[in-house]
Amino acid sequence: MAPLVLAMLFFKFLKKGGLSSFVGNTIFLYTTNKLLITWTTGDSLKTSLKLFDTKVQGHADKLFWRIEMKDVLKPGETAVVDVETVYTLQLIPHPASITQKDKQLVLYNGNHYFYSPYPVKEQSTIVNLGTRNVESYTKLKPSSQSENIITYGSYEDVPPFSVDKMSVHYENNAPFLTITNLERVIEVSHWGNIAVEETIDLKHSGATLKGPFSRYEYQRETQSGLSSVRSFKTILPAAAADIYYRDEIGNISTSNMKILSDSVELDLRPRFPLFGGWKTHYVIGYNVPSYEYLFNRGDDYLLKMRFLDHVFDDMIVDEVTTKIILPEGSQNMQLTTPYPIEHLPNSLHFTYLDIKGRPVIILRKKNLVENHIQDFQLQYNFPRILMLQEPFLIVAAFYLLFVFVIVYVRLDFSITKDEVGESRMRVAGYCEKVLAHQDKRALTYTYYNEQLGKLKSSKDINAFLTSVKNINHEYKRETAHIADLLVKLKADAPDLAEKVSELQKADKHLKELYTQHQSLYVDKLVPGKIARQAFVDTENQFNKKKEECVEKINTLVKSLQ
């Protein structure tokens, strides 16, 4: 079959009162598509009319529509009915293949007459080509051409079901794009967002390219590749955000976005120009706020969105599959569509934090055009208590993770014992304890100095001896703890044990210095048995020796850290 091309024909016919072909307020009409029927009264107000498919006796192989007019047409009255239909598979590239520099010619075959089950008193057919470059056209008299318009008729007293082949061969370099397959996925979230993603297979349905393609000539010569498609515009909703455009390779950066007052316009430029027979595949996606399309009353929800959205002007879609993914737990779905659509079996979609899966309503329809951009309505029930399911699962997951980590770090999964590692850990523990007891023992010397200062001023020997007795008790206890740890260290770390032993000796020497210092105060200073200058000289000697001893102790402590 020849490539698919969009052709729009407008038929306006006048039926005058008195024609016996009318039955009450009903008109029978033949066409290939059910699109738009309007009724025009004398005050030029248009009203959409209802129409239903029907059959005409003797013509069972053809599709007829029965139009219910607004009012009964009485004898002598006049009414105007506008019928707009969109046809596909009507324009045939002729020749079927052209070179890069050739212009594209197409052939349209139709009927000179308006195919109708009624006798027509008078009719005319006007063909608007959009170009004055016409190769040839059939000439059923009377006919004429003026610029880009060919007029046939008027013809009078045309019998019912009249057919006379009309053929027009003319130049047409318009983008002959066909969407061979479109998968539209609408994922609804009750957390305020609706994600839309469209996977599109696009084909140039015009005359196929004959011979090689030269990008050099294509970029240099303006007349090269007139029928090719460099880019096209897609219209998205005004609230669309987070838009992406990519293919199998990745993100396609050769696109531009323009935010308008009532829409978002995308200028999509494929990675390569499309010539006849060439194809491309891409994915476009975006997010829209749910409050514009999702309405609810309690647990009852209504989703109102387009079954098919705009891809490019005058588009043709061979097949559309629309998948509507509802939140997990949705039930009692009821679908209302603006035209007949095939409803495929529902399925489930699993994503993060899903347990039973999200219900998916799958719809499919073939042979669509821009006029099919209409809204469907999907009613369903969703218990709002299920909104807490995902937060609860997240909390539970983190809780289990923390419990697992707590248990894991306390388990020993080694097959054999690590004697070296365990010994190292024991030694480290012993050293920490030695340092802790050493700090406490060093604190007793601070208390000792405080009591010496009080004795020097108060001369109260009894109070001093009582305080010193408590300090010595604390000192002996800490020294005993360090001695016990020294015994344990000798088994695991002899080198560290030797340092601790040196620490004990140095501290013992410091303790002796403090004892001698105490005797200086108790035996000589308080009783007044020593001169002041002699006391000062002796005390300075003690302080110097104590500082040297404390410095040595601090050096040993640092070596144990």
# chains A, B, ... in the order shown; residues from 1 in each chain; ligands from 1
>>> residues_around(residues="A:Val557", least_positions_apart="6", cutoff="12 Å", atoms="only C-alpha atoms", output="PyMOL selection string")
chain A and resi 431-439+442+496+499-504+506-507+550-551
>>> residues_around(residues="A:Gly329", least_positions_apart="3", cutoff="10 Å", atoms="only C-alpha atoms", output="list in words")
Leu326, Asp354, Ile355, Lys356, Gly357, Arg358, Pro359, Asn381, Phe382, Pro383, Arg384, Leu386 and Met387 of chain A
>>> closest_residue(among="A:Met166, A:Val522, A:Ala79, A:Val185", to="A:Ala463", atoms="only C-alpha atoms")
A:Val522
>>> select_by_dssp(residues="stretch 371-466 of chain A", states="helix (DSSP H, G or I)", output="PyMOL selection string")
chain A and resi 371-372+384-409+419-458+461-466
>>> closest_residue(among="A:Glu547, A:Asp309, A:Asp484, A:Asp492", to="A:Gln374", atoms="only C-alpha atoms")
A:Asp309
>>> select_by_dssp(residues="stretch 134-325 of chain A", states="strand (DSSP E or B)", output="PyMOL selection string")
chain A and resi 134-137+143-146+149-158+165-171+177-189+193-204+208-209+229+232-237+241-246+251+255-259+263-268+274+276+279-289+294-297+300-306+316-325
>>> atom_distance(atom1="atom CA of A:Asp262", atom2="atom CA of A:Ala239")
8.7 Å
>>> closest_residue(among="A:Thr555, A:Ser144, A:Ser261, A:Asn472", to="A:Tyr448", atoms="only C-alpha atoms")
A:Asn472
>>> closest_residue(among="A:Ser124, A:Asn172, A:Gln104, A:Ser146", to="A:Val158", atoms="only C-alpha atoms")
A:Ser124
>>> residues_around(residues="stretch 263-280 of chain A", least_positions_apart="3", cutoff="8 Å", atoms="only C-alpha atoms", output="PDB file with N, CA and C atoms, in the first residue's frame")
ATOM      1  N   ASP A 201       7.387   5.649  17.377  1.00  0.00           N
ATOM      2  CA  ASP A 201       8.063   5.190  16.160  1.00  0.00           C
ATOM      3  C   ASP A 201       7.549   6.045  15.013  1.00  0.00           C
ATOM      4  N   LEU A 202       8.453   6.789  14.398  1.00  0.00           N
ATOM      5  CA  LEU A 202       8.086   7.785  13.386  1.00  0.00           C
ATOM      6  C   LEU A 202       8.687   7.400  12.035  1.00  0.00           C
ATOM      7  N   LYS A 203       7.892   7.558  10.987  1.00  0.00           N
ATOM      8  CA  LYS A 203       8.343   7.208   9.636  1.00  0.00           C
ATOM      9  C   LYS A 203       7.955   8.318   8.663  1.00  0.00           C
ATOM     10  N   HIS A 204       8.882   8.629   7.750  1.00  0.00           N
ATOM     11  CA  HIS A 204       8.579   9.544   6.649  1.00  0.00           C
ATOM     12  C   HIS A 204       7.882   8.729   5.567  1.00  0.00           C
ATOM     13  N   SER A 205       6.604   9.056   5.303  1.00  0.00           N
ATOM     14  CA  SER A 205       5.785   8.240   4.407  1.00  0.00           C
ATOM     15  C   SER A 205       5.721   8.781   2.991  1.00  0.00           C
ATOM     16  N   GLY A 206       6.574   9.744   2.682  1.00  0.00           N
ATOM     17  CA  GLY A 206       6.566  10.291   1.332  1.00  0.00           C
ATOM     18  C   GLY A 206       7.360   9.436   0.361  1.00  0.00           C
ATOM     19  N   ALA A 207       7.694  10.036  -0.762  1.00  0.00           N
ATOM     20  CA  ALA A 207       8.461   9.322  -1.788  1.00  0.00           C
ATOM     21  C   ALA A 207       9.822   8.922  -1.221  1.00  0.00           C
ATOM     22  N   THR A 208      10.188   7.671  -1.403  1.00  0.00           N
ATOM     23  CA  THR A 208      11.447   7.175  -0.855  1.00  0.00           C
ATOM     24  C   THR A 208      12.635   7.808  -1.574  1.00  0.00           C
ATOM     25  N   LEU A 209      13.752   7.904  -0.841  1.00  0.00           N
ATOM     26  CA  LEU A 209      14.955   8.527  -1.390  1.00  0.00           C
ATOM     27  C   LEU A 209      15.643   7.564  -2.354  1.00  0.00           C
ATOM     28  N   GLY A 225      16.547  18.369  -0.745  1.00  0.00           N
ATOM     29  CA  GLY A 225      15.749  17.714   0.287  1.00  0.00           C
ATOM     30  C   GLY A 225      14.545  18.515   0.709  1.00  0.00           C
ATOM     31  N   SER A 227      11.432  17.806   0.510  1.00  0.00           N
ATOM     32  CA  SER A 227      10.390  17.001   1.154  1.00  0.00           C
ATOM     33  C   SER A 227      10.878  16.325   2.428  1.00  0.00           C
ATOM     34  N   SER A 228      12.130  16.572   2.805  1.00  0.00           N
ATOM     35  CA  SER A 228      12.647  15.959   4.022  1.00  0.00           C
ATOM     36  C   SER A 228      12.123  16.701   5.253  1.00  0.00           C
ATOM     37  N   VAL A 229      12.289  16.066   6.400  1.00  0.00           N
ATOM     38  CA  VAL A 229      11.819  16.646   7.665  1.00  0.00           C
ATOM     39  C   VAL A 229      13.037  16.909   8.541  1.00  0.00           C
ATOM     40  N   ARG A 230      13.311  18.179   8.786  1.00  0.00           N
ATOM     41  CA  ARG A 230      14.421  18.552   9.662  1.00  0.00           C
ATOM     42  C   ARG A 230      13.995  18.583  11.128  1.00  0.00           C
ATOM     43  N   SER A 231      12.795  19.089  11.378  1.00  0.00           N
ATOM     44  CA  SER A 231      12.295  19.200  12.742  1.00  0.00           C
ATOM     45  C   SER A 231      10.778  19.292  12.697  1.00  0.00           C
ATOM     46  N   PHE A 232      10.174  19.167  13.850  1.00  0.00           N
ATOM     47  CA  PHE A 232       8.731  19.325  13.966  1.00  0.00           C
ATOM     48  C   PHE A 232       8.422  19.781  15.394  1.00  0.00           C
ATOM     49  N   LYS A 233       7.235  20.335  15.580  1.00  0.00           N
ATOM     50  CA  LYS A 233       6.859  20.906  16.864  1.00  0.00           C
ATOM     51  C   LYS A 233       5.831  20.034  17.565  1.00  0.00           C
ATOM     52  N   THR A 234       6.065  19.816  18.838  1.00  0.00           N
ATOM     53  CA  THR A 234       5.137  19.080  19.695  1.00  0.00           C
ATOM     54  C   THR A 234       4.604  20.034  20.762  1.00  0.00           C
ATOM     55  N   ILE A 235       3.310  19.989  20.972  1.00  0.00           N
ATOM     56  CA  ILE A 235       2.668  20.849  21.964  1.00  0.00           C
ATOM     57  C   ILE A 235       2.352  20.015  23.202  1.00  0.00           C
ATOM     58  N   LEU A 236       2.851  20.463  24.354  1.00  0.00           N
ATOM     59  CA  LEU A 236       2.602  19.794  25.625  1.00  0.00           C
ATOM     60  C   LEU A 236       1.715  20.670  26.501  1.00  0.00           C
ATOM     61  N   PRO A 237       1.127  20.102  27.558  1.00  0.00           N
ATOM     62  CA  PRO A 237       0.304  20.925  28.470  1.00  0.00           C
ATOM     63  C   PRO A 237       1.110  22.053  29.093  1.00  0.00           C
ATOM     64  N   ALA A 238       0.427  23.128  29.453  1.00  0.00           N
ATOM     65  CA  ALA A 238       1.109  24.303  30.003  1.00  0.00           C
ATOM     66  C   ALA A 238       1.810  23.992  31.321  1.00  0.00           C
ATOM     67  N   ALA A 239       1.311  23.012  32.066  1.00  0.00           N
ATOM     68  CA  ALA A 239       1.890  22.679  33.366  1.00  0.00           C
ATOM     69  C   ALA A 239       2.992  21.629  33.275  1.00  0.00           C
ATOM     70  N   ALA A 240       3.370  21.226  32.056  1.00  0.00           N
ATOM     71  CA  ALA A 240       4.391  20.184  31.904  1.00  0.00           C
ATOM     72  C   ALA A 240       5.732  20.650  32.462  1.00  0.00           C
ATOM     73  N   ILE A 252      18.689  13.645  23.576  1.00  0.00           N
ATOM     74  CA  ILE A 252      18.857  14.369  22.311  1.00  0.00           C
ATOM     75  C   ILE A 252      18.843  15.852  22.646  1.00  0.00           C
ATOM     76  N   THR A 254      19.445  18.389  20.629  1.00  0.00           N
ATOM     77  CA  THR A 254      19.100  19.307  19.531  1.00  0.00           C
ATOM     78  C   THR A 254      17.611  19.629  19.566  1.00  0.00           C
ATOM     79  N   SER A 255      17.106  20.038  20.689  1.00  0.00           N
ATOM     80  CA  SER A 255      15.704  20.399  20.813  1.00  0.00           C
ATOM     81  C   SER A 255      15.611  21.702  21.597  1.00  0.00           C
ATOM     82  N   ASN A 256      14.537  22.429  21.354  1.00  0.00           N
ATOM     83  CA  ASN A 256      14.318  23.700  22.030  1.00  0.00           C
ATOM     84  C   ASN A 256      12.926  23.708  22.648  1.00  0.00           C
ATOM     85  N   MET A 257      12.820  24.343  23.792  1.00  0.00           N
ATOM     86  CA  MET A 257      11.535  24.421  24.493  1.00  0.00           C
ATOM     87  C   MET A 257      11.141  25.884  24.649  1.00  0.00           C
ATOM     88  N   LYS A 258       9.878  26.169  24.347  1.00  0.00           N
ATOM     89  CA  LYS A 258       9.349  27.518  24.496  1.00  0.00           C
ATOM     90  C   LYS A 258       8.091  27.428  25.350  1.00  0.00           C
ATOM     91  N   ILE A 259       8.079  28.177  26.460  1.00  0.00           N
ATOM     92  CA  ILE A 259       6.939  28.170  27.372  1.00  0.00           C
ATOM     93  C   ILE A 259       5.980  29.281  26.951  1.00  0.00           C
ATOM     94  N   LEU A 260       4.774  28.883  26.552  1.00  0.00           N
ATOM     95  CA  LEU A 260       3.749  29.832  26.147  1.00  0.00           C
ATOM     96  C   LEU A 260       2.730  29.985  27.268  1.00  0.00           C
TER      97      LEU A 260
END
>>> residues_around(residues="stretch 295-305 of chain A", least_positions_apart="6", cutoff="10 Å", atoms="only C-alpha atoms", output="ChimeraX atom specification")
/A:186,188,324,326,330-336,373-385
>>> residues_around(residues="A:Tyr218", least_positions_apart="6", cutoff="9 Å", atoms="only C-alpha atoms", output="VMD selection string")
chain A and resid 100 to 101 224 to 225
